[in-house]
file start.cif (mmCIF, N, CA and C atoms and all ligand atoms)
data_upload
loop_
_atom_site.label_atom_id
_atom_site.label_comp_id
_atom_site.auth_asym_id
_atom_site.auth_seq_id
_atom_site.Cartn_x
_atom_site.Cartn_y
_atom_site.Cartn_z
N MET A 50 0.63 -30.31 63.85
CA MET A 50 1.70 -30.92 63.02
C MET A 50 2.58 -31.77 63.94
N LYS A 51 2.77 -33.02 63.53
CA LYS A 51 3.61 -33.94 64.30
C LYS A 51 5.06 -33.42 64.32
N ASN A 52 5.73 -33.62 65.42
CA ASN A 52 7.13 -33.22 65.57
C ASN A 52 7.36 -31.72 65.52
N CYS A 53 6.31 -30.95 65.75
CA CYS A 53 6.48 -29.49 65.85
C CYS A 53 6.41 -29.12 67.32
N ILE A 54 7.49 -28.53 67.83
CA ILE A 54 7.55 -28.22 69.26
C ILE A 54 6.48 -27.22 69.67
N PHE A 55 6.17 -26.27 68.80
CA PHE A 55 5.16 -25.27 69.16
C PHE A 55 3.75 -25.87 69.11
N CYS A 56 3.50 -26.80 68.18
CA CYS A 56 2.20 -27.51 68.20
C CYS A 56 2.08 -28.32 69.49
N SER A 57 3.20 -28.86 69.98
CA SER A 57 3.17 -29.61 71.24
C SER A 57 2.86 -28.69 72.42
N ILE A 58 3.35 -27.47 72.38
CA ILE A 58 3.02 -26.50 73.43
C ILE A 58 1.53 -26.16 73.35
N ILE A 59 1.01 -25.97 72.16
CA ILE A 59 -0.43 -25.67 71.99
C ILE A 59 -1.27 -26.80 72.56
N LYS A 60 -0.85 -28.04 72.31
CA LYS A 60 -1.62 -29.20 72.79
C LYS A 60 -1.44 -29.43 74.29
N GLY A 61 -0.42 -28.79 74.87
CA GLY A 61 -0.15 -28.98 76.30
C GLY A 61 0.77 -30.16 76.57
N ASP A 62 1.33 -30.73 75.51
CA ASP A 62 2.24 -31.87 75.70
C ASP A 62 3.62 -31.42 76.17
N ILE A 63 3.97 -30.19 75.87
CA ILE A 63 5.22 -29.59 76.37
C ILE A 63 4.82 -28.35 77.16
N SER A 64 5.40 -28.18 78.34
CA SER A 64 4.98 -27.06 79.17
C SER A 64 5.66 -25.76 78.72
N ALA A 65 4.98 -24.68 78.96
CA ALA A 65 5.52 -23.34 78.69
C ALA A 65 4.84 -22.38 79.64
N GLU A 66 5.47 -21.24 79.82
CA GLU A 66 4.84 -20.21 80.66
C GLU A 66 3.88 -19.42 79.76
N ILE A 67 2.61 -19.76 79.82
CA ILE A 67 1.60 -19.17 78.94
C ILE A 67 1.23 -17.78 79.46
N LEU A 68 1.30 -16.79 78.55
CA LEU A 68 0.98 -15.42 78.92
C LEU A 68 -0.38 -14.99 78.39
N TYR A 69 -0.81 -15.62 77.31
CA TYR A 69 -2.11 -15.27 76.70
C TYR A 69 -2.54 -16.42 75.80
N SER A 70 -3.84 -16.66 75.79
CA SER A 70 -4.37 -17.69 74.89
C SER A 70 -5.79 -17.32 74.50
N ASP A 71 -6.11 -17.47 73.22
CA ASP A 71 -7.51 -17.40 72.78
C ASP A 71 -7.71 -18.46 71.72
N ASP A 72 -8.77 -18.38 70.96
CA ASP A 72 -9.05 -19.46 70.02
C ASP A 72 -8.07 -19.51 68.86
N ARG A 73 -7.35 -18.43 68.61
CA ARG A 73 -6.48 -18.41 67.43
C ARG A 73 -4.99 -18.28 67.72
N VAL A 74 -4.63 -17.65 68.85
CA VAL A 74 -3.21 -17.39 69.11
C VAL A 74 -2.83 -17.75 70.54
N LEU A 75 -1.53 -17.96 70.72
CA LEU A 75 -0.98 -18.29 72.03
C LEU A 75 0.29 -17.46 72.23
N ALA A 76 0.47 -16.91 73.42
CA ALA A 76 1.72 -16.20 73.75
C ALA A 76 2.36 -16.90 74.95
N PHE A 77 3.66 -17.10 74.86
CA PHE A 77 4.38 -17.75 75.96
C PHE A 77 5.80 -17.23 76.02
N THR A 78 6.39 -17.36 77.20
CA THR A 78 7.76 -16.88 77.43
C THR A 78 8.76 -17.69 76.62
N ASP A 79 9.72 -16.99 76.00
CA ASP A 79 10.78 -17.68 75.28
C ASP A 79 11.72 -18.36 76.29
N VAL A 80 12.01 -19.63 76.05
CA VAL A 80 12.81 -20.41 76.98
C VAL A 80 14.27 -19.94 77.03
N ASN A 81 14.69 -19.25 75.99
CA ASN A 81 16.07 -18.75 75.92
C ASN A 81 16.04 -17.24 75.69
N ALA A 82 15.61 -16.53 76.71
CA ALA A 82 15.33 -15.10 76.58
C ALA A 82 16.57 -14.31 76.17
N GLN A 83 16.37 -13.42 75.20
CA GLN A 83 17.45 -12.56 74.71
C GLN A 83 17.32 -11.13 75.23
N ALA A 84 16.39 -10.92 76.12
CA ALA A 84 16.15 -9.61 76.73
C ALA A 84 15.41 -9.87 78.03
N PRO A 85 15.36 -8.86 78.92
CA PRO A 85 14.63 -9.06 80.19
C PRO A 85 13.19 -9.49 79.96
N GLU A 86 12.59 -9.00 78.88
CA GLU A 86 11.26 -9.46 78.46
C GLU A 86 11.41 -10.09 77.08
N HIS A 87 10.99 -11.33 76.94
CA HIS A 87 11.06 -11.99 75.64
C HIS A 87 9.99 -13.07 75.60
N PHE A 88 8.96 -12.81 74.81
CA PHE A 88 7.93 -13.83 74.63
C PHE A 88 7.62 -14.00 73.15
N LEU A 89 6.95 -15.09 72.84
CA LEU A 89 6.60 -15.43 71.47
C LEU A 89 5.09 -15.45 71.34
N VAL A 90 4.60 -15.01 70.20
CA VAL A 90 3.17 -15.14 69.89
C VAL A 90 3.06 -16.00 68.64
N ILE A 91 2.26 -17.06 68.75
CA ILE A 91 2.14 -18.01 67.63
C ILE A 91 0.67 -18.22 67.29
N PRO A 92 0.42 -18.58 66.02
CA PRO A 92 -0.94 -19.00 65.67
C PRO A 92 -1.16 -20.43 66.15
N LYS A 93 -2.39 -20.76 66.53
CA LYS A 93 -2.67 -22.14 66.96
C LYS A 93 -2.74 -23.08 65.75
N GLU A 94 -2.91 -22.48 64.58
CA GLU A 94 -2.85 -23.26 63.34
C GLU A 94 -1.38 -23.38 62.94
N HIS A 95 -0.94 -24.58 62.51
CA HIS A 95 0.45 -24.73 62.11
C HIS A 95 0.68 -24.07 60.76
N ILE A 96 1.54 -23.06 60.76
CA ILE A 96 1.99 -22.39 59.53
C ILE A 96 3.50 -22.36 59.64
N ALA A 97 4.19 -22.91 58.65
CA ALA A 97 5.63 -23.14 58.80
C ALA A 97 6.45 -21.85 58.80
N THR A 98 6.21 -21.00 57.82
CA THR A 98 7.04 -19.79 57.71
C THR A 98 6.17 -18.61 57.29
N ALA A 99 6.74 -17.42 57.38
CA ALA A 99 6.04 -16.21 56.93
C ALA A 99 5.66 -16.32 55.46
N ASN A 100 6.43 -17.09 54.70
CA ASN A 100 6.12 -17.27 53.27
C ASN A 100 4.81 -18.03 53.06
N ASP A 101 4.39 -18.77 54.07
CA ASP A 101 3.20 -19.61 53.94
C ASP A 101 1.94 -18.95 54.49
N ALA A 102 2.09 -17.77 55.07
CA ALA A 102 0.94 -17.10 55.71
C ALA A 102 0.04 -16.46 54.65
N THR A 103 -1.27 -16.69 54.80
CA THR A 103 -2.23 -16.10 53.86
C THR A 103 -3.34 -15.33 54.57
N ASP A 104 -3.51 -15.60 55.87
CA ASP A 104 -4.63 -15.02 56.61
C ASP A 104 -4.19 -13.70 57.23
N GLU A 105 -4.59 -12.60 56.59
CA GLU A 105 -4.14 -11.28 57.06
C GLU A 105 -4.64 -10.99 58.47
N SER A 106 -5.85 -11.42 58.76
CA SER A 106 -6.42 -11.18 60.09
C SER A 106 -5.62 -11.92 61.16
N LEU A 107 -5.28 -13.15 60.86
CA LEU A 107 -4.51 -13.94 61.83
C LEU A 107 -3.13 -13.31 62.04
N MET A 108 -2.49 -12.90 60.95
CA MET A 108 -1.17 -12.30 61.08
C MET A 108 -1.25 -10.99 61.87
N GLY A 109 -2.32 -10.24 61.66
CA GLY A 109 -2.52 -9.02 62.44
C GLY A 109 -2.72 -9.33 63.91
N SER A 110 -3.39 -10.43 64.19
CA SER A 110 -3.66 -10.82 65.58
C SER A 110 -2.36 -11.08 66.35
N LEU A 111 -1.35 -11.57 65.65
CA LEU A 111 -0.07 -11.82 66.33
C LEU A 111 0.49 -10.51 66.88
N SER A 112 0.45 -9.48 66.05
CA SER A 112 0.99 -8.18 66.45
C SER A 112 0.12 -7.52 67.52
N ILE A 113 -1.19 -7.59 67.35
CA ILE A 113 -2.10 -6.98 68.35
C ILE A 113 -1.94 -7.68 69.70
N THR A 114 -1.78 -9.00 69.66
CA THR A 114 -1.61 -9.75 70.90
C THR A 114 -0.29 -9.39 71.57
N ALA A 115 0.76 -9.25 70.78
CA ALA A 115 2.05 -8.88 71.35
C ALA A 115 1.93 -7.54 72.09
N ALA A 116 1.27 -6.59 71.47
CA ALA A 116 1.11 -5.27 72.11
C ALA A 116 0.29 -5.39 73.40
N LYS A 117 -0.75 -6.20 73.35
CA LYS A 117 -1.60 -6.39 74.53
C LYS A 117 -0.80 -6.97 75.68
N VAL A 118 -0.01 -7.98 75.40
CA VAL A 118 0.77 -8.64 76.45
C VAL A 118 1.86 -7.69 76.96
N ALA A 119 2.49 -6.95 76.04
CA ALA A 119 3.52 -5.98 76.46
C ALA A 119 2.92 -4.93 77.38
N LYS A 120 1.70 -4.49 77.08
CA LYS A 120 1.02 -3.52 77.95
C LYS A 120 0.75 -4.14 79.32
N GLU A 121 0.22 -5.35 79.30
CA GLU A 121 -0.08 -6.03 80.57
C GLU A 121 1.17 -6.20 81.42
N ARG A 122 2.30 -6.44 80.75
CA ARG A 122 3.54 -6.68 81.48
C ARG A 122 4.28 -5.39 81.82
N GLY A 123 3.75 -4.26 81.34
CA GLY A 123 4.22 -2.96 81.81
C GLY A 123 5.42 -2.38 81.09
N PHE A 124 5.77 -2.91 79.92
CA PHE A 124 6.92 -2.32 79.22
C PHE A 124 6.56 -1.73 77.85
N ALA A 125 5.27 -1.69 77.54
CA ALA A 125 4.85 -1.21 76.22
C ALA A 125 5.22 0.26 76.00
N GLU A 126 5.03 1.08 77.02
CA GLU A 126 5.30 2.51 76.85
C GLU A 126 6.77 2.78 76.61
N LYS A 127 7.65 2.07 77.29
CA LYS A 127 9.09 2.26 77.08
C LYS A 127 9.49 1.74 75.71
N GLY A 128 8.83 0.67 75.26
CA GLY A 128 9.08 0.17 73.92
C GLY A 128 9.53 -1.27 73.88
N TYR A 129 9.53 -1.78 72.68
CA TYR A 129 9.89 -3.19 72.49
C TYR A 129 10.17 -3.41 71.01
N ARG A 130 10.65 -4.59 70.69
CA ARG A 130 10.90 -4.94 69.29
C ARG A 130 10.10 -6.19 68.94
N LEU A 131 9.45 -6.14 67.77
CA LEU A 131 8.75 -7.31 67.25
C LEU A 131 9.55 -7.84 66.07
N VAL A 132 9.82 -9.15 66.07
CA VAL A 132 10.64 -9.76 65.02
C VAL A 132 10.02 -11.09 64.62
N MET A 133 9.93 -11.32 63.31
CA MET A 133 9.56 -12.64 62.83
C MET A 133 10.66 -13.10 61.85
N ASN A 134 11.42 -14.10 62.26
CA ASN A 134 12.47 -14.63 61.41
C ASN A 134 11.87 -15.59 60.38
N CYS A 135 12.43 -15.59 59.18
CA CYS A 135 11.92 -16.47 58.12
C CYS A 135 13.05 -17.26 57.48
N ASN A 136 12.94 -18.57 57.60
CA ASN A 136 13.87 -19.50 56.94
C ASN A 136 15.33 -19.27 57.37
N ASN A 137 16.22 -19.89 56.66
CA ASN A 137 17.61 -19.97 57.11
C ASN A 137 18.29 -18.60 57.24
N ASP A 138 18.22 -17.79 56.22
CA ASP A 138 18.90 -16.49 56.28
C ASP A 138 18.29 -15.59 57.35
N GLY A 139 17.01 -15.79 57.62
CA GLY A 139 16.35 -14.98 58.65
C GLY A 139 16.65 -15.46 60.05
N GLY A 140 17.24 -16.66 60.15
CA GLY A 140 17.56 -17.20 61.47
C GLY A 140 16.43 -17.98 62.12
N GLN A 141 15.47 -18.44 61.30
CA GLN A 141 14.35 -19.20 61.87
C GLN A 141 14.81 -20.61 62.22
N THR A 142 14.57 -21.00 63.47
CA THR A 142 14.98 -22.34 63.92
C THR A 142 13.79 -23.25 64.24
N VAL A 143 12.61 -22.67 64.43
CA VAL A 143 11.40 -23.46 64.68
C VAL A 143 10.43 -23.19 63.54
N SER A 144 10.04 -24.26 62.84
CA SER A 144 9.22 -24.09 61.64
C SER A 144 7.72 -24.05 61.98
N HIS A 145 7.38 -23.09 62.78
CA HIS A 145 5.98 -22.75 63.09
C HIS A 145 6.05 -21.26 63.38
N ILE A 146 5.42 -20.46 62.54
CA ILE A 146 5.67 -19.02 62.65
C ILE A 146 5.43 -18.49 64.06
N HIS A 147 6.27 -17.56 64.42
CA HIS A 147 6.22 -16.98 65.76
C HIS A 147 6.74 -15.56 65.70
N LEU A 148 6.03 -14.69 66.38
CA LEU A 148 6.46 -13.30 66.50
C LEU A 148 7.17 -13.14 67.82
N HIS A 149 8.45 -12.75 67.76
CA HIS A 149 9.20 -12.47 68.99
C HIS A 149 8.81 -11.08 69.48
N CYS A 150 8.60 -10.92 70.76
CA CYS A 150 8.47 -9.60 71.37
C CYS A 150 9.57 -9.49 72.42
N LEU A 151 10.48 -8.52 72.19
CA LEU A 151 11.62 -8.32 73.09
C LEU A 151 11.55 -6.93 73.70
N GLY A 152 11.76 -6.85 74.98
CA GLY A 152 11.72 -5.55 75.65
C GLY A 152 12.48 -5.58 76.96
N GLY A 153 12.36 -4.47 77.67
CA GLY A 153 13.01 -4.38 78.97
C GLY A 153 14.45 -3.92 78.91
N ARG A 154 14.92 -3.60 77.71
CA ARG A 154 16.26 -3.00 77.56
C ARG A 154 16.28 -2.22 76.26
N GLN A 155 17.32 -1.39 76.09
CA GLN A 155 17.49 -0.65 74.84
C GLN A 155 17.95 -1.61 73.74
N MET A 156 17.21 -1.68 72.64
CA MET A 156 17.61 -2.52 71.52
C MET A 156 18.64 -1.78 70.67
N THR A 157 19.40 -2.52 69.94
CA THR A 157 20.40 -1.91 69.05
C THR A 157 20.03 -2.20 67.60
N TRP A 158 20.64 -1.42 66.70
CA TRP A 158 20.41 -1.59 65.27
C TRP A 158 21.71 -1.36 64.54
N PRO A 159 22.11 -2.13 63.57
CA PRO A 159 21.33 -3.20 62.95
C PRO A 159 21.34 -4.47 63.79
N PRO A 160 20.34 -5.34 63.57
CA PRO A 160 20.34 -6.62 64.25
C PRO A 160 21.44 -7.50 63.66
N GLY A 161 21.84 -8.50 64.40
CA GLY A 161 22.94 -9.37 63.93
C GLY A 161 22.50 -10.33 62.85
P1 LIG B 201 13.58 -18.53 65.82
O1 LIG B 201 15.07 -18.69 65.93
O2 LIG B 201 13.14 -17.20 65.31
O3 LIG B 201 12.96 -19.69 65.08
O4 LIG B 201 13.05 -18.59 67.32
C1 LIG B 201 12.72 -19.76 67.97
C2 LIG B 201 12.60 -19.40 69.42
O5 LIG B 201 11.88 -20.42 70.08
C3 LIG B 201 13.94 -19.26 70.13
O6 LIG B 201 14.04 -17.95 70.67
C4 LIG B 201 13.88 -20.33 71.21
O7 LIG B 201 14.51 -19.94 72.40
C5 LIG B 201 12.39 -20.53 71.37
N1 LIG B 201 12.00 -21.83 71.88
C6 LIG B 201 12.37 -23.04 71.41
N2 LIG B 201 11.79 -24.02 72.12
C7 LIG B 201 11.03 -23.41 73.06
C8 LIG B 201 10.18 -23.87 74.12
N3 LIG B 201 10.01 -25.18 74.34
N4 LIG B 201 9.57 -22.97 74.90
C9 LIG B 201 9.74 -21.64 74.68
N5 LIG B 201 10.52 -21.14 73.69
C10 LIG B 201 11.15 -22.00 72.91
#

call {"tool": "encode", "arguments": {"input": "start.cif", "output": "structure tokens"}}
result
Amino acid sequence: MKNCIFCSIIKGDISAEILYSDDRVLAFTDVNAQAPEHFLVIPKEHIATANDATDESLMGSLSITAAKVAKERGFAEKGYRLVMNCNNDGGQTVSHIHLHCLGGRQMTWPPG
């Protein structure tokens, strides 16, 4: 998708710290980390919001990939938070679905 920053990262036009890549998903470090560990997992197919997702397998892959990367990075056992923001009220700022994985500190509840 033209003018999508995450599609540009997938294409390699914008650099990112890539943590995992396969034919369907990409994981990379969040540029504005909100925790000691903060990365995003995105589908390589452009899907704007969670409301537009139809592929259950692909959506599952985002979560499985997040767990895999968290294990590789050594914080899975202590724990982490997975978050997918949707549209304005959800706080979504990039219109290409992405699963946040945050870890490396104690999370609080409720979220802001
Ligand atoms: P959200 O507010 O849920 O849409 O999250 C978007 C996330 O994308 C934010 O946490 C941003 O810090 C992150 N982000 C935006 N641009 C980039 C980029 N070029 N590389 C890595 N992360 C980014």

call {"tool": "closest_residue", "arguments": {"input": "start.cif", "among": "A:Ala102, A:Leu107, A:Met50, A:Ala97", "to": "Asp72 in chain A", "atoms": "only C-alpha atoms"}}
result
A:Leu107

call {"tool": "select_by_dssp", "arguments": {"input": "start.cif", "residues": "chain A", "states": "helix (DSSP H, G or I)", "output": "ChimeraX atom specification"}}
result
/A:54-60,99-101,105-122,136-139

call {"tool": "closest_atom_pairs", "arguments": {"input": "start.cif", "of": "chain A", "to": "ligand LIG 201 (chain B)", "cutoff": "6 Å", "atoms": "all atoms listed in the file", "output": "JSON lines"}}
result
{"residue": "A:Ala65", "atom": "CA", "partner": "B:LIG201", "partner_atom": "N4", "distance": 5.6}
{"residue": "A:Thr78", "atom": "C", "partner": "B:LIG201", "partner_atom": "C9", "distance": 4.5}
{"residue": "A:Asp79", "atom": "CA", "partner": "B:LIG201", "partner_atom": "N5", "distance": 3.8}
{"residue": "A:Val80", "atom": "N", "partner": "B:LIG201", "partner_atom": "N5", "distance": 3.2}
{"residue": "A:Asn81", "atom": "N", "partner": "B:LIG201", "partner_atom": "O7", "distance": 3.7}
{"residue": "A:Ala82", "atom": "N", "partner": "B:LIG201", "partner_atom": "O7", "distance": 5.6}
{"residue": "A:Met133", "atom": "C", "partner": "B:LIG201", "partner_atom": "O2", "distance": 5.9}
{"residue": "A:Asn134", "atom": "N", "partner": "B:LIG201", "partner_atom": "O2", "distance": 4.7}
{"residue": "A:Gly140", "atom": "C", "partner": "B:LIG201", "partner_atom": "O1", "distance": 4.1}
{"residue": "A:Gln141", "atom": "C", "partner": "B:LIG201", "partner_atom": "O3", "distance": 3.5}
{"residue": "A:Thr142", "atom": "N", "partner": "B:LIG201", "partner_atom": "O3", "distance": 2.6}
{"residue": "A:Val143", "atom": "N", "partner": "B:LIG201", "partner_atom": "O3", "distance": 3.1}
{"residue": "A:Ser144", "atom": "N", "partner": "B:LIG201", "partner_atom": "O3", "distance": 5.9}

call {"tool": "residues_near_point", "arguments": {"input": "start.cif", "point": "(17.5, -8.1, 64.6)", "cutoff": "9 Å", "atoms": "only C-alpha atoms", "output": "list of chain:residue names"}}
result
A:Arg130, A:Val132, A:Asn134, A:Met156, A:Thr157, A:Trp158, A:Pro159, A:Pro160, A:Gly161

call {"tool": "closest_residue", "arguments": {"input": "start.cif", "among": "A:Glu105, A:Leu111, A:Gly153, A:His147", "to": "Ala125 in chain A", "atoms": "only N, CA and C atoms"}}
result
A:Gly153

call {"tool": "build_atoms", "arguments": {"input": "start.cif", "residues": "range 119-132 of chain A", "atoms": "N, CA, C and O atoms", "output": "PDB file, in the coordinates of the input"}}
result
ATOM      1  N   ALA A 119       2.490  -6.950  76.040  1.00  0.00           N
ATOM      2  CA  ALA A 119       3.520  -5.980  76.460  1.00  0.00           C
ATOM      3  C   ALA A 119       2.920  -4.930  77.380  1.00  0.00           C
ATOM      4  O   ALA A 119       3.538  -4.522  78.383  1.00  0.00           O
ATOM      5  N   LYS A 120       1.700  -4.490  77.080  1.00  0.00           N
ATOM      6  CA  LYS A 120       1.020  -3.520  77.950  1.00  0.00           C
ATOM      7  C   LYS A 120       0.750  -4.140  79.320  1.00  0.00           C
ATOM      8  O   LYS A 120       1.024  -3.523  80.359  1.00  0.00           O
ATOM      9  N   GLU A 121       0.220  -5.350  79.300  1.00  0.00           N
ATOM     10  CA  GLU A 121      -0.080  -6.030  80.570  1.00  0.00           C
ATOM     11  C   GLU A 121       1.170  -6.200  81.420  1.00  0.00           C
ATOM     12  O   GLU A 121       1.136  -6.123  82.642  1.00  0.00           O
ATOM     13  N   ARG A 122       2.300  -6.440  80.750  1.00  0.00           N
ATOM     14  CA  ARG A 122       3.540  -6.680  81.480  1.00  0.00           C
ATOM     15  C   ARG A 122       4.280  -5.390  81.820  1.00  0.00           C
ATOM     16  O   ARG A 122       5.322  -5.419  82.466  1.00  0.00           O
ATOM     17  N   GLY A 123       3.750  -4.260  81.340  1.00  0.00           N
ATOM     18  CA  GLY A 123       4.220  -2.960  81.810  1.00  0.00           C
ATOM     19  C   GLY A 123       5.420  -2.380  81.090  1.00  0.00           C
ATOM     20  O   GLY A 123       6.006  -1.416  81.585  1.00  0.00           O
ATOM     21  N   PHE A 124       5.770  -2.910  79.920  1.00  0.00           N
ATOM     22  CA  PHE A 124       6.920  -2.320  79.220  1.00  0.00           C
ATOM     23  C   PHE A 124       6.560  -1.730  77.850  1.00  0.00           C
ATOM     24  O   PHE A 124       7.437  -1.306  77.092  1.00  0.00           O
ATOM     25  N   ALA A 125       5.270  -1.690  77.540  1.00  0.00           N
ATOM     26  CA  ALA A 125       4.850  -1.210  76.220  1.00  0.00           C
ATOM     27  C   ALA A 125       5.220   0.260  76.000  1.00  0.00           C
ATOM     28  O   ALA A 125       5.686   0.640  74.920  1.00  0.00           O
ATOM     29  N   GLU A 126       5.030   1.080  77.020  1.00  0.00           N
ATOM     30  CA  GLU A 126       5.300   2.510  76.850  1.00  0.00           C
ATOM     31  C   GLU A 126       6.770   2.780  76.610  1.00  0.00           C
ATOM     32  O   GLU A 126       7.134   3.628  75.785  1.00  0.00           O
ATOM     33  N   LYS A 127       7.650   2.070  77.290  1.00  0.00           N
ATOM     34  CA  LYS A 127       9.090   2.260  77.080  1.00  0.00           C
ATOM     35  C   LYS A 127       9.490   1.740  75.710  1.00  0.00           C
ATOM     36  O   LYS A 127      10.392   2.272  75.070  1.00  0.00           O
ATOM     37  N   GLY A 128       8.830   0.670  75.260  1.00  0.00           N
ATOM     38  CA  GLY A 128       9.080   0.170  73.920  1.00  0.00           C
ATOM     39  C   GLY A 128       9.530  -1.270  73.880  1.00  0.00           C
ATOM     40  O   GLY A 128       9.858  -1.869  74.916  1.00  0.00           O
ATOM     41  N   TYR A 129       9.530  -1.780  72.680  1.00  0.00           N
ATOM     42  CA  TYR A 129       9.890  -3.190  72.490  1.00  0.00           C
ATOM     43  C   TYR A 129      10.170  -3.410  71.010  1.00  0.00           C
ATOM     44  O   TYR A 129       9.956  -2.511  70.182  1.00  0.00           O
ATOM     45  N   ARG A 130      10.650  -4.590  70.690  1.00  0.00           N
ATOM     46  CA  ARG A 130      10.900  -4.940  69.290  1.00  0.00           C
ATOM     47  C   ARG A 130      10.100  -6.190  68.940  1.00  0.00           C
ATOM     48  O   ARG A 130      10.106  -7.166  69.703  1.00  0.00           O
ATOM     49  N   LEU A 131       9.450  -6.140  67.770  1.00  0.00           N
ATOM     50  CA  LEU A 131       8.750  -7.310  67.250  1.00  0.00           C
ATOM     51  C   LEU A 131       9.550  -7.840  66.070  1.00  0.00           C
ATOM     52  O   LEU A 131       9.935  -7.073  65.175  1.00  0.00           O
ATOM     53  N   VAL A 132       9.820  -9.150  66.070  1.00  0.00           N
ATOM     54  CA  VAL A 132      10.640  -9.760  65.020  1.00  0.00           C
ATOM     55  C   VAL A 132      10.020 -11.090  64.620  1.00  0.00           C
ATOM     56  O   VAL A 132       9.648 -11.889  65.487  1.00  0.00           O
TER      57      VAL A 132
END
